[in-house]
Amino acid sequence: MPARRLSAFLAAAVAVTAVGGAVPTRAADQPDIVIGSILPLTGALAQTGAGLRAAQQLAQDLVNGHVSYPLPLVGKSGLPHLGHARIRLVFADSQGKPDQARAAAEQLITQEHAVALIGTYASSTTATASQVAERYGIPFLNPDSSAPSLTARGLKWFFRATPNDATFADNFYQFLADLKKTKKIDVRRIAVVGEDGLFGTGASDAEEQLGKKLGYDIVTRVAYPATTTEVNAEVQKVKAATPDVIMIASYLPDALLYMRGFKEQSVLPKAILAQDAGFIDPGFVRTLGADAEGVFTREVFSLEIKHRNQAVPLIDQLFRLRFGGKPLDGNTARDFMGVLFISDAIDRAGSTKPDAIRSALQKTDIPGKLTLMPWIRVHFDANGQNDGGAGIIEQIQNGKYETVWPFDVAVKPVIWPMPAWKR
Amino acid sequence: MEALGTFGQLLVGGLLTGLVFALVAVGLTLVYGVMDVVNFAHGEFLMLAMYAALGLALAGLGPLVGLPLVAIAMFLFGIVVYRVFVRRLLAGPPEATVFGTFGLLVLMQGIAQATLTSDFQSAPNVPFRGTLHIGAIAVSQATVIEGIGALVLTAALFAFVEYTETGRAMRAVAEDRVAATLMGIDVQRVNGLAFGIGAACVGAAGALLMLSYPVYPTAGAPFALTAFVVVALGGFGSIQGALVGALLVGMLEVFGGFYLSPEMKMVPVYLAYLAIVLLRPQGLLGRR
C-alpha cells in the first residue's frame, strides 16, 4: 500500500479508536462462542476460500475487539448480552465438493459443538451443508451463494444474506426501466444466454420469467454446457434472434468464446448485460482489451460507489494488510458481513440455544447503510432470503469497471449503445 | 438465403472445430496404436503444454515461435514419464495403465492448482486476433491457424509412421509386440519414442490453443474428453481415423447445437459414439 494512503488510514483508525471508549470486562472463565465456518480451503476454489477465511477472521477479531466502526456489533469486545463472550470461528474444508461440505457440517456440529454455521460459497456445497444443519436444528447463515433455488427448499434453519440471482435479474429490468424513464431508451428484444449449471440456469430462468412478466420479448433462450470448447451454434442462434440486449451468465473461458464469437459474426446488440462470474474475472479485460468495452455486468459490491458506508475504505485497508495487499471484493465483503450478522443474532438472542438464535435471525433488521454492501437492509423473509438485498451495475469503460447504476450511487454515466466492434 | 448463409457458417465452423479436436486427438491415438495404452492424463499433458506456451509468451516468445520449443520440451517430458512411470505400468495387468495414468491426471492437476493457482490465464499480445471473411462466412484467424496446424501435424505424423524406419518399427510393435522383439526391434525404445512423440503432438496443440483459450489447471479436461470420443469414433490407433473422427464430432456438435439446442449439442456426438461401439467397435478406420 502506498505510504500516503497507509498514513491516512492509520490516522482514521486512530480517530475511530479514540471514540471507542472504555474496554468492558469479561469473566476469565467465559467460554468462547463457537461458530462453524465451511469454506473451500483446498481444491479448485482454494484461492477464493483463503480470501473468505481472511475476511471472516477479520470480522471475528473486530467483533472481539473494542474499535468501533459504523457496523453492527463491531467494537463491543465480544457479545455484550452474553457477558462479552468472544466469538471463535472454527473452519472446516468443503474442498468445493458437496459430499465434503456435508461431512464438514456434520463435524462442526457434532464435534466442535458450533452454535451456528456459516458458509460455504459454492451453491452446490451450501445446498448439502445446510441440509445437515436443518437435520440437527442448527441455524445456518449463508453470506455468499447466489442460486435462487437455495431459499426455495422450505428450510427452517437456513438464512441467506446475499441477494440471489433472481434479485440481480430484477436489477437488470429496473436498470432498463430507469434508462427508459431518464433517457427514453426503449428495449424490447432480449436474448437470454446462460451455462446449463446451477448458476447459469438459475440466472437465465429468473431473467426469462421476469422479462416475460414485464412484457419484454424474450427472442431466444440459449443454455449451453459450461465446459464447451466452441460456441458456433450458440452465437448463430443469438444472431438469428436479433436482440436489442443480450443477458448472459458465463464463466471466463466461455465468456471469452462468446465475446469473440459475437465480434466475429458481427453480432452487435445495444448492450450486453452480464451476471458477473467470467465477466468480472481480471482475465476478461486483460484478454479482450478494447473488445470488452461497453459490457455491463452486475456486481454485488464496489469499493467505489457514492454515499458508501465510511467503514468501507477502512475495512478494505485492514483486509489488505492481512491478505497480501489484495483489495476487499464482493465475495470477501459479503463473508465479512456474514460473520457480523450471525454474531449480531447470537448477541440479540442473549443465548446460544439454537431456537433463540433462529428467532433472533428472523427478527434481524439492519439498515443497509450499516453494512459494506449496496443493500437497502438486511431482513429475512419467510424463506430465509434477505429481501433487502440489491446489486449494482458496472460498465467497462476504458478498461475499468465503473459503477453506472443505481444512478444515485453511480460514479460514471452510462454509455449506450455499446461501441461497434473494432476491426 | 439467410438460412443458407447460416448453414454455410455452421459448416465452416464445424469443420474448423473438428480440426481443433483433431489437433488434440492425434497424439492420443498414436500412443494407443503403438502400446495399447489410453493415456488418461492426455488432457493434463495439454494443460502443461499450454502453461509452457504461456510462460514463453510472457517471456516475449509468441505462440508460433514458441511452438517448436514447447513440442521439444513435451517430447522430453513424455520420454521421462514413459521411462519412470508408464514402462512399469506396462509390466503389470492391463488395468494398471488405466489407474496409473488416471493417477497421473489427478497428480498433475493437483500440482498445477497448488503451484500455478486456479486462476484463468491468457497469453499476452496474442497474434491473429482478427476475423477472416470469405463471402458471407466469417471465421476467426486464430481458429484457421489452429486448423492448418492440425492438418500439418496429422500429415507429418502420418508420413512419419508410414514412411520412416522408426515409423515402421512402431507399426511392427503395434501389430505384434513379441514378433517385433524377435525381429530385433527394441520395444522399450519404440514405446518411449511413441510416448514422447504423442506428448510432442499435444505440446504443439497446447501452443496453438493458447491463441484462443485461457489456461487453468483443468483446461485440458474438456478437450481430452472430446479427444477420447474422437479416437474411439475414428478407430483406436488410426491417425487418419482421428482426423475423420474429429471432423465428424465437430460437425455433429455444431449442427446439433443449432438445429436441436445448444444444451443438447453433445447428444448426437455420443449417439454416434454409441452407434460405432455397437456396430463397428474397431472404429471407422480402425483395423482390429
# chains A, B, ... in the order shown; residues from 1 in each chain; ligands from 1
>>> closest_atom_pairs(of="chain A", to="chain B", cutoff="7 Å", atoms="only C-alpha atoms", output="JSON lines")
{"residue": "A:Ala44", "atom": "CA", "partner": "B:Ser118", "partner_atom": "CA", "distance": 5.8}
{"residue": "A:Val222", "atom": "CA", "partner": "B:Pro262", "partner_atom": "CA", "distance": 6.6}
{"residue": "A:Ala223", "atom": "CA", "partner": "B:Glu263", "partner_atom": "CA", "distance": 5.3}
{"residue": "A:Tyr224", "atom": "CA", "partner": "B:Glu263", "partner_atom": "CA", "distance": 4.5}
{"residue": "A:Pro225", "atom": "CA", "partner": "B:Glu263", "partner_atom": "CA", "distance": 6.1}
{"residue": "A:Thr227", "atom": "CA", "partner": "B:Pro222", "partner_atom": "CA", "distance": 6.0}
{"residue": "A:Thr228", "atom": "CA", "partner": "B:Pro222", "partner_atom": "CA", "distance": 6.9}
{"residue": "A:Asn232", "atom": "CA", "partner": "B:Gly13", "partner_atom": "CA", "distance": 6.2}
{"residue": "A:Ala233", "atom": "CA", "partner": "B:Phe258", "partner_atom": "CA", "distance": 4.6}
{"residue": "A:Glu234", "atom": "CA", "partner": "B:Pro262", "partner_atom": "CA", "distance": 6.1}
{"residue": "A:Lys237", "atom": "CA", "partner": "B:Phe258", "partner_atom": "CA", "distance": 6.7}
{"residue": "A:Pro253", "atom": "CA", "partner": "B:Pro214", "partner_atom": "CA", "distance": 6.4}
{"residue": "A:Glu264", "atom": "CA", "partner": "B:Thr131", "partner_atom": "CA", "distance": 5.7}
{"residue": "A:Gln265", "atom": "CA", "partner": "B:Ala138", "partner_atom": "CA", "distance": 6.2}
{"residue": "A:Gly283", "atom": "CA", "partner": "B:Gln121", "partner_atom": "CA", "distance": 6.4}
{"residue": "A:Thr287", "atom": "CA", "partner": "B:Ser122", "partner_atom": "CA", "distance": 6.2}
>>> residues_around(residues="B:Leu104", least_positions_apart="2", cutoff="12 Å", atoms="only C-alpha atoms", output="ChimeraX atom specification")
/B:39-45,81-82,85-86,89,96-102,106-111
>>> select_by_dssp(residues="stretch 155-331 of chain A", states="strand (DSSP E)", output="PyMOL selection string")
chain A and resi 158-160+189-195+217-224+245-249+271-274+296-299
>>> residues_around(residues="A:Tyr173", least_positions_apart="2", cutoff="12 Å", atoms="only C-alpha atoms", output="ChimeraX atom specification")
/A:166-171,175-180,186-188,190,206-216,245,247,273,298,393,405-406
>>> residues_around(residues="B:Ile239", least_positions_apart="5", cutoff="10 Å", atoms="only C-alpha atoms", output="PDB file with C-alpha atoms, in the first residue's frame")
ATOM      1  CA  ALA B  22      -8.011 -33.447 -34.315  1.00  0.00           C
ATOM      2  CA  ALA B  25      -6.525 -36.251 -30.617  1.00  0.00           C
ATOM      3  CA  VAL B  26      -3.614 -37.310 -32.890  1.00  0.00           C
ATOM      4  CA  GLY B  27      -1.138 -37.681 -30.019  1.00  0.00           C
ATOM      5  CA  LEU B  28      -3.605 -39.790 -28.067  1.00  0.00           C
ATOM      6  CA  THR B  29      -4.281 -42.166 -30.942  1.00  0.00           C
ATOM      7  CA  LEU B  30      -0.572 -42.649 -31.690  1.00  0.00           C
ATOM      8  CA  GLY B  33      -1.875 -47.538 -31.514  1.00  0.00           C
ATOM      9  CA  THR B 154      -1.668 -35.048 -38.860  1.00  0.00           C
ATOM     10  CA  ALA B 155       0.057 -35.226 -42.258  1.00  0.00           C
ATOM     11  CA  LEU B 157       2.646 -37.840 -38.192  1.00  0.00           C
ATOM     12  CA  PHE B 158       1.082 -39.988 -40.907  1.00  0.00           C
ATOM     13  CA  VAL B 161       4.605 -43.610 -39.243  1.00  0.00           C
ATOM     14  CA  VAL B 231     -10.278 -41.569 -31.160  1.00  0.00           C
ATOM     15  CA  GLY B 234     -12.159 -42.781 -35.835  1.00  0.00           C
ATOM     16  CA  VAL B 244     -12.052 -38.135 -39.762  1.00  0.00           C
ATOM     17  CA  GLY B 245     -13.490 -38.731 -36.280  1.00  0.00           C
ATOM     18  CA  LEU B 285     -10.903 -46.602 -39.801  1.00  0.00           C
ATOM     19  CA  GLY B 286      -9.633 -48.927 -37.081  1.00  0.00           C
TER      20      GLY B 286
END
>>> residues_around(residues="stretch 94-108 of chain A", least_positions_apart="2", cutoff="10 Å", atoms="only C-alpha atoms", output="PDB file with N, CA and C atoms, in the first residue's frame")
ATOM      1  N   VAL A  34     -18.610 -20.751  19.729  1.00  0.00           N
ATOM      2  CA  VAL A  34     -18.051 -21.351  18.513  1.00  0.00           C
ATOM      3  C   VAL A  34     -19.033 -21.240  17.350  1.00  0.00           C
ATOM      4  N   ILE A  35     -18.562 -20.607  16.276  1.00  0.00           N
ATOM      5  CA  ILE A  35     -19.325 -20.553  15.034  1.00  0.00           C
ATOM      6  C   ILE A  35     -18.561 -21.390  14.008  1.00  0.00           C
ATOM      7  N   GLY A  36     -19.224 -22.363  13.442  1.00  0.00           N
ATOM      8  CA  GLY A  36     -18.566 -23.232  12.460  1.00  0.00           C
ATOM      9  C   GLY A  36     -18.611 -22.613  11.082  1.00  0.00           C
ATOM     10  N   SER A  37     -17.461 -22.574  10.405  1.00  0.00           N
ATOM     11  CA  SER A  37     -17.416 -21.987   9.060  1.00  0.00           C
ATOM     12  C   SER A  37     -16.933 -23.029   8.058  1.00  0.00           C
ATOM     13  N   ILE A  38     -17.729 -23.240   7.017  1.00  0.00           N
ATOM     14  CA  ILE A  38     -17.366 -24.207   5.976  1.00  0.00           C
ATOM     15  C   ILE A  38     -16.963 -23.426   4.729  1.00  0.00           C
ATOM     16  N   LEU A  39     -15.735 -23.659   4.279  1.00  0.00           N
ATOM     17  CA  LEU A  39     -15.230 -22.937   3.104  1.00  0.00           C
ATOM     18  C   LEU A  39     -14.408 -23.882   2.231  1.00  0.00           C
ATOM     19  N   PRO A  40     -14.261 -23.566   0.941  1.00  0.00           N
ATOM     20  CA  PRO A  40     -13.395 -24.383   0.078  1.00  0.00           C
ATOM     21  C   PRO A  40     -11.933 -24.021   0.328  1.00  0.00           C
ATOM     22  N   LEU A  41     -11.298 -24.693   1.283  1.00  0.00           N
ATOM     23  CA  LEU A  41      -9.930 -24.311   1.654  1.00  0.00           C
ATOM     24  C   LEU A  41      -8.879 -25.039   0.822  1.00  0.00           C
ATOM     25  N   THR A  42      -9.273 -26.135   0.185  1.00  0.00           N
ATOM     26  CA  THR A  42      -8.385 -26.793  -0.776  1.00  0.00           C
ATOM     27  C   THR A  42      -9.194 -27.048  -2.043  1.00  0.00           C
ATOM     28  N   GLY A  43      -8.513 -27.507  -3.105  1.00  0.00           N
ATOM     29  CA  GLY A  43      -9.212 -27.775  -4.360  1.00  0.00           C
ATOM     30  C   GLY A  43      -9.226 -26.561  -5.257  1.00  0.00           C
ATOM     31  N   ALA A  44     -10.045 -26.643  -6.300  1.00  0.00           N
ATOM     32  CA  ALA A  44     -10.021 -25.614  -7.336  1.00  0.00           C
ATOM     33  C   ALA A  44     -10.398 -24.228  -6.803  1.00  0.00           C
ATOM     34  N   LEU A  45     -11.206 -24.184  -5.730  1.00  0.00           N
ATOM     35  CA  LEU A  45     -11.655 -22.887  -5.211  1.00  0.00           C
ATOM     36  C   LEU A  45     -10.816 -22.413  -4.032  1.00  0.00           C
ATOM     37  N   ALA A  46      -9.654 -23.074  -3.814  1.00  0.00           N
ATOM     38  CA  ALA A  46      -8.855 -22.792  -2.622  1.00  0.00           C
ATOM     39  C   ALA A  46      -8.456 -21.321  -2.496  1.00  0.00           C
ATOM     40  N   GLY A  49     -11.290 -19.443  -1.281  1.00  0.00           N
ATOM     41  CA  GLY A  49     -11.524 -19.842   0.103  1.00  0.00           C
ATOM     42  C   GLY A  49     -10.572 -19.147   1.068  1.00  0.00           C
ATOM     43  N   VAL A  90     -14.489 -21.704  13.860  1.00  0.00           N
ATOM     44  CA  VAL A  90     -13.768 -22.958  13.606  1.00  0.00           C
ATOM     45  C   VAL A  90     -14.026 -23.319  12.145  1.00  0.00           C
ATOM     46  N   PHE A  91     -12.946 -23.474  11.394  1.00  0.00           N
ATOM     47  CA  PHE A  91     -13.093 -23.683   9.952  1.00  0.00           C
ATOM     48  C   PHE A  91     -13.059 -25.161   9.591  1.00  0.00           C
ATOM     49  N   ALA A  92     -13.842 -25.526   8.605  1.00  0.00           N
ATOM     50  CA  ALA A  92     -13.788 -26.886   8.056  1.00  0.00           C
ATOM     51  C   ALA A  92     -13.793 -26.774   6.539  1.00  0.00           C
ATOM     52  N   THR A 110     -21.313 -31.843  15.474  1.00  0.00           N
ATOM     53  CA  THR A 110     -21.232 -32.911  16.477  1.00  0.00           C
ATOM     54  C   THR A 110     -19.942 -32.864  17.288  1.00  0.00           C
ATOM     55  N   GLN A 111     -18.834 -32.449  16.669  1.00  0.00           N
ATOM     56  CA  GLN A 111     -17.569 -32.498  17.409  1.00  0.00           C
ATOM     57  C   GLN A 111     -17.147 -31.144  17.964  1.00  0.00           C
ATOM     58  N   GLU A 112     -17.395 -30.084  17.183  1.00  0.00           N
ATOM     59  CA  GLU A 112     -16.980 -28.755  17.641  1.00  0.00           C
ATOM     60  C   GLU A 112     -18.094 -28.056  18.406  1.00  0.00           C
ATOM     61  N   HIS A 113     -19.287 -28.626  18.384  1.00  0.00           N
ATOM     62  CA  HIS A 113     -20.453 -28.054  19.061  1.00  0.00           C
ATOM     63  C   HIS A 113     -20.691 -26.595  18.667  1.00  0.00           C
ATOM     64  N   ALA A 114     -20.593 -26.336  17.370  1.00  0.00           N
ATOM     65  CA  ALA A 114     -20.856 -24.992  16.859  1.00  0.00           C
ATOM     66  C   ALA A 114     -22.310 -24.622  17.131  1.00  0.00           C
ATOM     67  N   VAL A 115     -22.537 -23.364  17.572  1.00  0.00           N
ATOM     68  CA  VAL A 115     -23.908 -22.936  17.853  1.00  0.00           C
ATOM     69  C   VAL A 115     -24.609 -22.476  16.577  1.00  0.00           C
ATOM     70  N   ALA A 116     -23.806 -22.189  15.548  1.00  0.00           N
ATOM     71  CA  ALA A 116     -24.368 -21.800  14.260  1.00  0.00           C
ATOM     72  C   ALA A 116     -23.323 -22.099  13.197  1.00  0.00           C
ATOM     73  N   LEU A 117     -23.781 -22.225  11.942  1.00  0.00           N
ATOM     74  CA  LEU A 117     -22.850 -22.448  10.835  1.00  0.00           C
ATOM     75  C   LEU A 117     -22.918 -21.276   9.863  1.00  0.00           C
ATOM     76  N   ILE A 118     -21.795 -21.077   9.177  1.00  0.00           N
ATOM     77  CA  ILE A 118     -21.721 -20.034   8.158  1.00  0.00           C
ATOM     78  C   ILE A 118     -20.955 -20.611   6.967  1.00  0.00           C
ATOM     79  N   GLY A 119     -21.246 -20.155   5.771  1.00  0.00           N
ATOM     80  CA  GLY A 119     -20.552 -20.652   4.583  1.00  0.00           C
ATOM     81  C   GLY A 119     -21.551 -20.885   3.466  1.00  0.00           C
ATOM     82  N   THR A 120     -21.149 -21.488   2.405  1.00  0.00           N
ATOM     83  CA  THR A 120     -19.938 -22.178   2.054  1.00  0.00           C
ATOM     84  C   THR A 120     -19.376 -21.703   0.705  1.00  0.00           C
ATOM     85  N   TYR A 121     -19.876 -20.580   0.180  1.00  0.00           N
ATOM     86  CA  TYR A 121     -19.504 -20.003  -1.108  1.00  0.00           C
ATOM     87  C   TYR A 121     -20.192 -20.668  -2.304  1.00  0.00           C
ATOM     88  N   ALA A 122     -19.761 -21.888  -2.699  1.00  0.00           N
ATOM     89  CA  ALA A 122     -20.388 -22.511  -3.879  1.00  0.00           C
ATOM     90  C   ALA A 122     -21.816 -22.942  -3.542  1.00  0.00           C
ATOM     91  N   SER A 123     -22.761 -22.674  -4.444  1.00  0.00           N
ATOM     92  CA  SER A 123     -24.162 -23.005  -4.184  1.00  0.00           C
ATOM     93  C   SER A 123     -24.345 -24.501  -3.952  1.00  0.00           C
ATOM     94  N   SER A 124     -23.592 -25.321  -4.686  1.00  0.00           N
ATOM     95  CA  SER A 124     -23.782 -26.769  -4.576  1.00  0.00           C
ATOM     96  C   SER A 124     -23.360 -27.283  -3.203  1.00  0.00           C
ATOM     97  N   THR A 125     -22.308 -26.688  -2.612  1.00  0.00           N
ATOM     98  CA  THR A 125     -21.873 -27.143  -1.291  1.00  0.00           C
ATOM     99  C   THR A 125     -22.759 -26.551  -0.200  1.00  0.00           C
ATOM    100  N   THR A 126     -23.276 -25.342  -0.428  1.00  0.00           N
ATOM    101  CA  THR A 126     -24.205 -24.748   0.527  1.00  0.00           C
ATOM    102  C   THR A 126     -25.466 -25.607   0.625  1.00  0.00           C
ATOM    103  N   ALA A 127     -25.886 -26.142  -0.522  1.00  0.00           N
ATOM    104  CA  ALA A 127     -27.096 -26.965  -0.557  1.00  0.00           C
ATOM    105  C   ALA A 127     -26.967 -28.166   0.378  1.00  0.00           C
ATOM    106  N   THR A 128     -25.845 -28.878   0.338  1.00  0.00           N
ATOM    107  CA  THR A 128     -25.709 -30.085   1.159  1.00  0.00           C
ATOM    108  C   THR A 128     -25.429 -29.740   2.625  1.00  0.00           C
ATOM    109  N   ALA A 129     -24.554 -28.757   2.859  1.00  0.00           N
ATOM    110  CA  ALA A 129     -24.195 -28.418   4.242  1.00  0.00           C
ATOM    111  C   ALA A 129     -25.420 -27.924   5.007  1.00  0.00           C
ATOM    112  N   SER A 130     -26.272 -27.155   4.340  1.00  0.00           N
ATOM    113  CA  SER A 130     -27.433 -26.598   5.032  1.00  0.00           C
ATOM    114  C   SER A 130     -28.473 -27.683   5.334  1.00  0.00           C
ATOM    115  N   GLN A 131     -28.476 -28.749   4.552  1.00  0.00           N
ATOM    116  CA  GLN A 131     -29.380 -29.877   4.857  1.00  0.00           C
ATOM    117  C   GLN A 131     -28.995 -30.522   6.184  1.00  0.00           C
ATOM    118  N   VAL A 132     -27.684 -30.622   6.416  1.00  0.00           N
ATOM    119  CA  VAL A 132     -27.206 -31.208   7.677  1.00  0.00           C
ATOM    120  C   VAL A 132     -27.625 -30.319   8.847  1.00  0.00           C
ATOM    121  N   ALA A 133     -27.425 -28.995   8.699  1.00  0.00           N
ATOM    122  CA  ALA A 133     -27.810 -28.052   9.755  1.00  0.00           C
ATOM    123  C   ALA A 133     -29.312 -28.166  10.028  1.00  0.00           C
ATOM    124  N   ARG A 135     -31.174 -30.790   9.703  1.00  0.00           N
ATOM    125  CA  ARG A 135     -31.459 -32.038  10.404  1.00  0.00           C
ATOM    126  C   ARG A 135     -31.150 -31.901  11.901  1.00  0.00           C
ATOM    127  N   TYR A 136     -30.064 -31.185  12.211  1.00  0.00           N
ATOM    128  CA  TYR A 136     -29.695 -31.027  13.619  1.00  0.00           C
ATOM    129  C   TYR A 136     -30.395 -29.845  14.276  1.00  0.00           C
ATOM    130  N   PHE A 140     -28.137 -21.749  10.085  1.00  0.00           N
ATOM    131  CA  PHE A 140     -27.120 -21.705   9.039  1.00  0.00           C
ATOM    132  C   PHE A 140     -27.235 -20.357   8.341  1.00  0.00           C
TER     133      PHE A 140
END
>>> select_by_dssp(residues="stretch 141-275 of chain A", states="alpha helix (DSSP H)", output="PyMOL selection string")
chain A and resi 165-183+198-213+232-241+252-264
>>> write_last_selection(atoms="C-alpha atoms", output="PDB file, in the first residue's frame")
ATOM      1  CA  ASP A 165     -29.608 -14.344  -8.990  1.00  0.00           C
ATOM      2  CA  ALA A 166     -33.331 -13.576  -9.140  1.00  0.00           C
ATOM      3  CA  THR A 167     -32.636 -10.245  -7.390  1.00  0.00           C
ATOM      4  CA  PHE A 168     -29.945  -9.486  -9.931  1.00  0.00           C
ATOM      5  CA  ALA A 169     -32.297 -10.290 -12.809  1.00  0.00           C
ATOM      6  CA  ASP A 170     -34.750  -7.910 -11.168  1.00  0.00           C
ATOM      7  CA  ASN A 171     -31.966  -5.279 -11.051  1.00  0.00           C
ATOM      8  CA  PHE A 172     -31.387  -5.675 -14.810  1.00  0.00           C
ATOM      9  CA  TYR A 173     -35.015  -4.858 -15.540  1.00  0.00           C
ATOM     10  CA  GLN A 174     -35.040  -1.953 -13.067  1.00  0.00           C
ATOM     11  CA  PHE A 175     -31.963  -0.658 -14.891  1.00  0.00           C
ATOM     12  CA  LEU A 176     -33.753  -0.925 -18.246  1.00  0.00           C
ATOM     13  CA  ALA A 177     -36.819   0.787 -16.773  1.00  0.00           C
ATOM     14  CA  ASP A 178     -34.627   3.607 -15.379  1.00  0.00           C
ATOM     15  CA  LEU A 179     -32.970   4.031 -18.773  1.00  0.00           C
ATOM     16  CA  LYS A 180     -36.386   4.330 -20.383  1.00  0.00           C
ATOM     17  CA  LYS A 181     -37.531   6.862 -17.814  1.00  0.00           C
ATOM     18  CA  THR A 182     -34.441   9.089 -17.877  1.00  0.00           C
ATOM     19  CA  LYS A 183     -33.046   8.650 -21.376  1.00  0.00           C
ATOM     20  CA  LEU A 198     -26.940 -24.312 -11.232  1.00  0.00           C
ATOM     21  CA  PHE A 199     -25.610 -20.759 -11.660  1.00  0.00           C
ATOM     22  CA  GLY A 200     -26.461 -20.149 -15.316  1.00  0.00           C
ATOM     23  CA  THR A 201     -29.810 -21.927 -15.187  1.00  0.00           C
ATOM     24  CA  GLY A 202     -30.921 -20.016 -12.094  1.00  0.00           C
ATOM     25  CA  ALA A 203     -29.892 -16.686 -13.589  1.00  0.00           C
ATOM     26  CA  SER A 204     -31.421 -17.396 -17.005  1.00  0.00           C
ATOM     27  CA  ASP A 205     -34.683 -18.710 -15.544  1.00  0.00           C
ATOM     28  CA  ALA A 206     -35.084 -15.551 -13.490  1.00  0.00           C
ATOM     29  CA  GLU A 207     -34.245 -13.308 -16.470  1.00  0.00           C
ATOM     30  CA  GLU A 208     -36.652 -15.119 -18.770  1.00  0.00           C
ATOM     31  CA  GLN A 209     -39.582 -15.324 -16.359  1.00  0.00           C
ATOM     32  CA  LEU A 210     -39.301 -11.755 -15.164  1.00  0.00           C
ATOM     33  CA  GLY A 211     -38.796 -10.464 -18.708  1.00  0.00           C
ATOM     34  CA  LYS A 212     -41.943 -12.182 -19.925  1.00  0.00           C
ATOM     35  CA  LYS A 213     -43.896 -10.919 -16.935  1.00  0.00           C
ATOM     36  CA  ASN A 232     -20.594 -21.672 -33.061  1.00  0.00           C
ATOM     37  CA  ALA A 233     -24.226 -22.766 -32.848  1.00  0.00           C
ATOM     38  CA  GLU A 234     -24.945 -20.627 -29.793  1.00  0.00           C
ATOM     39  CA  VAL A 235     -23.699 -17.440 -31.477  1.00  0.00           C
ATOM     40  CA  GLN A 236     -25.702 -18.208 -34.634  1.00  0.00           C
ATOM     41  CA  LYS A 237     -28.849 -18.671 -32.531  1.00  0.00           C
ATOM     42  CA  VAL A 238     -28.345 -15.298 -30.885  1.00  0.00           C
ATOM     43  CA  LYS A 239     -27.530 -13.663 -34.214  1.00  0.00           C
ATOM     44  CA  ALA A 240     -30.682 -15.041 -35.836  1.00  0.00           C
ATOM     45  CA  ALA A 241     -32.788 -13.666 -32.978  1.00  0.00           C
ATOM     46  CA  LEU A 252     -14.422 -16.974 -18.087  1.00  0.00           C
ATOM     47  CA  PRO A 253     -13.444 -19.445 -20.853  1.00  0.00           C
ATOM     48  CA  ASP A 254     -16.960 -19.458 -22.286  1.00  0.00           C
ATOM     49  CA  ALA A 255     -17.392 -15.698 -21.768  1.00  0.00           C
ATOM     50  CA  LEU A 256     -14.297 -15.191 -23.952  1.00  0.00           C
ATOM     51  CA  LEU A 257     -15.650 -17.603 -26.590  1.00  0.00           C
ATOM     52  CA  TYR A 258     -18.921 -15.664 -26.736  1.00  0.00           C
ATOM     53  CA  MET A 259     -17.301 -12.234 -26.926  1.00  0.00           C
ATOM     54  CA  ARG A 260     -15.032 -13.385 -29.755  1.00  0.00           C
ATOM     55  CA  GLY A 261     -17.924 -15.144 -31.457  1.00  0.00           C
ATOM     56  CA  PHE A 262     -20.131 -12.048 -31.286  1.00  0.00           C
ATOM     57  CA  LYS A 263     -17.369  -9.938 -32.774  1.00  0.00           C
ATOM     58  CA  GLU A 264     -16.515 -12.466 -35.464  1.00  0.00           C
TER      59      GLU A 264
END
>>> atom_distance(atom1="atom CA of A:Asp276", atom2="atom CA of A:Ala55")
20.6 Å
>>> atom_distance(atom1="atom CA of A:Thr364", atom2="atom CA of A:Phe336")
16.9 Å
>>> residues_around(residues="stretch 184-189 of chain B", least_positions_apart="5", cutoff="10 Å", atoms="only C-alpha atoms", output="PyMOL selection string")
chain B and resi 34-35+79+82-83+87+166+169-170+172-174+177-179+194-195
>>> write_last_selection(atoms="N, CA and C atoms", output="compact mmCIF listing (two decimals), in the first residue's frame")
# COMPACT_ATOMS: atom_id res chain seq x y z
N VAL B 34 0.41 -47.71 -30.73
CA VAL B 34 1.68 -48.40 -30.57
C VAL B 34 1.67 -49.28 -29.33
N MET B 35 1.20 -48.77 -28.20
CA MET B 35 1.35 -49.58 -26.98
C MET B 35 0.07 -49.94 -26.27
N ILE B 79 9.06 -38.71 -22.74
CA ILE B 79 10.02 -39.81 -22.62
C ILE B 79 10.33 -40.09 -21.15
N TYR B 82 7.47 -41.85 -19.61
CA TYR B 82 7.44 -43.25 -20.03
C TYR B 82 8.46 -44.07 -19.25
N ARG B 83 9.70 -43.57 -19.23
CA ARG B 83 10.79 -44.32 -18.59
C ARG B 83 10.53 -44.55 -17.11
N ARG B 87 6.38 -47.33 -18.27
CA ARG B 87 7.08 -48.59 -18.52
C ARG B 87 6.76 -49.61 -17.43
N THR B 166 11.78 -45.73 -38.21
CA THR B 166 11.23 -45.75 -36.85
C THR B 166 9.72 -45.95 -36.89
N ALA B 169 8.95 -49.43 -37.48
CA ALA B 169 9.17 -50.19 -36.24
C ALA B 169 7.98 -50.02 -35.30
N MET B 170 7.43 -48.79 -35.27
CA MET B 170 6.26 -48.54 -34.41
C MET B 170 5.08 -49.39 -34.85
N ALA B 172 5.22 -52.13 -36.48
CA ALA B 172 5.52 -53.52 -36.18
C ALA B 172 5.19 -53.83 -34.72
N VAL B 173 5.59 -52.92 -33.83
CA VAL B 173 5.30 -53.12 -32.40
C VAL B 173 3.79 -53.13 -32.18
N ALA B 174 3.10 -52.23 -32.88
CA ALA B 174 1.65 -52.15 -32.72
C ALA B 174 1.00 -53.46 -33.15
N ARG B 177 3.86 -57.33 -30.65
CA ARG B 177 4.99 -56.92 -29.83
C ARG B 177 6.07 -58.01 -29.79
N VAL B 178 5.64 -59.24 -29.61
CA VAL B 178 6.60 -60.35 -29.46
C VAL B 178 7.38 -60.55 -30.76
N ALA B 179 6.63 -60.56 -31.88
CA ALA B 179 7.29 -60.75 -33.17
C ALA B 179 8.28 -59.61 -33.43
N ALA B 194 7.31 -43.33 -29.03
CA ALA B 194 5.90 -43.08 -29.35
C ALA B 194 5.27 -42.20 -28.27
N PHE B 195 5.57 -42.50 -27.01
CA PHE B 195 5.01 -41.70 -25.93
C PHE B 195 5.52 -40.26 -26.01
>>> closest_residue(among="B:Leu193, B:Ala199, B:Met251, B:Ile276", to="B:Leu233", atoms="only C-alpha atoms")
B:Ile276
>>> atom_distance(atom1="atom CA of B:Val38", atom2="atom CA of B:Ala232")
10.7 Å
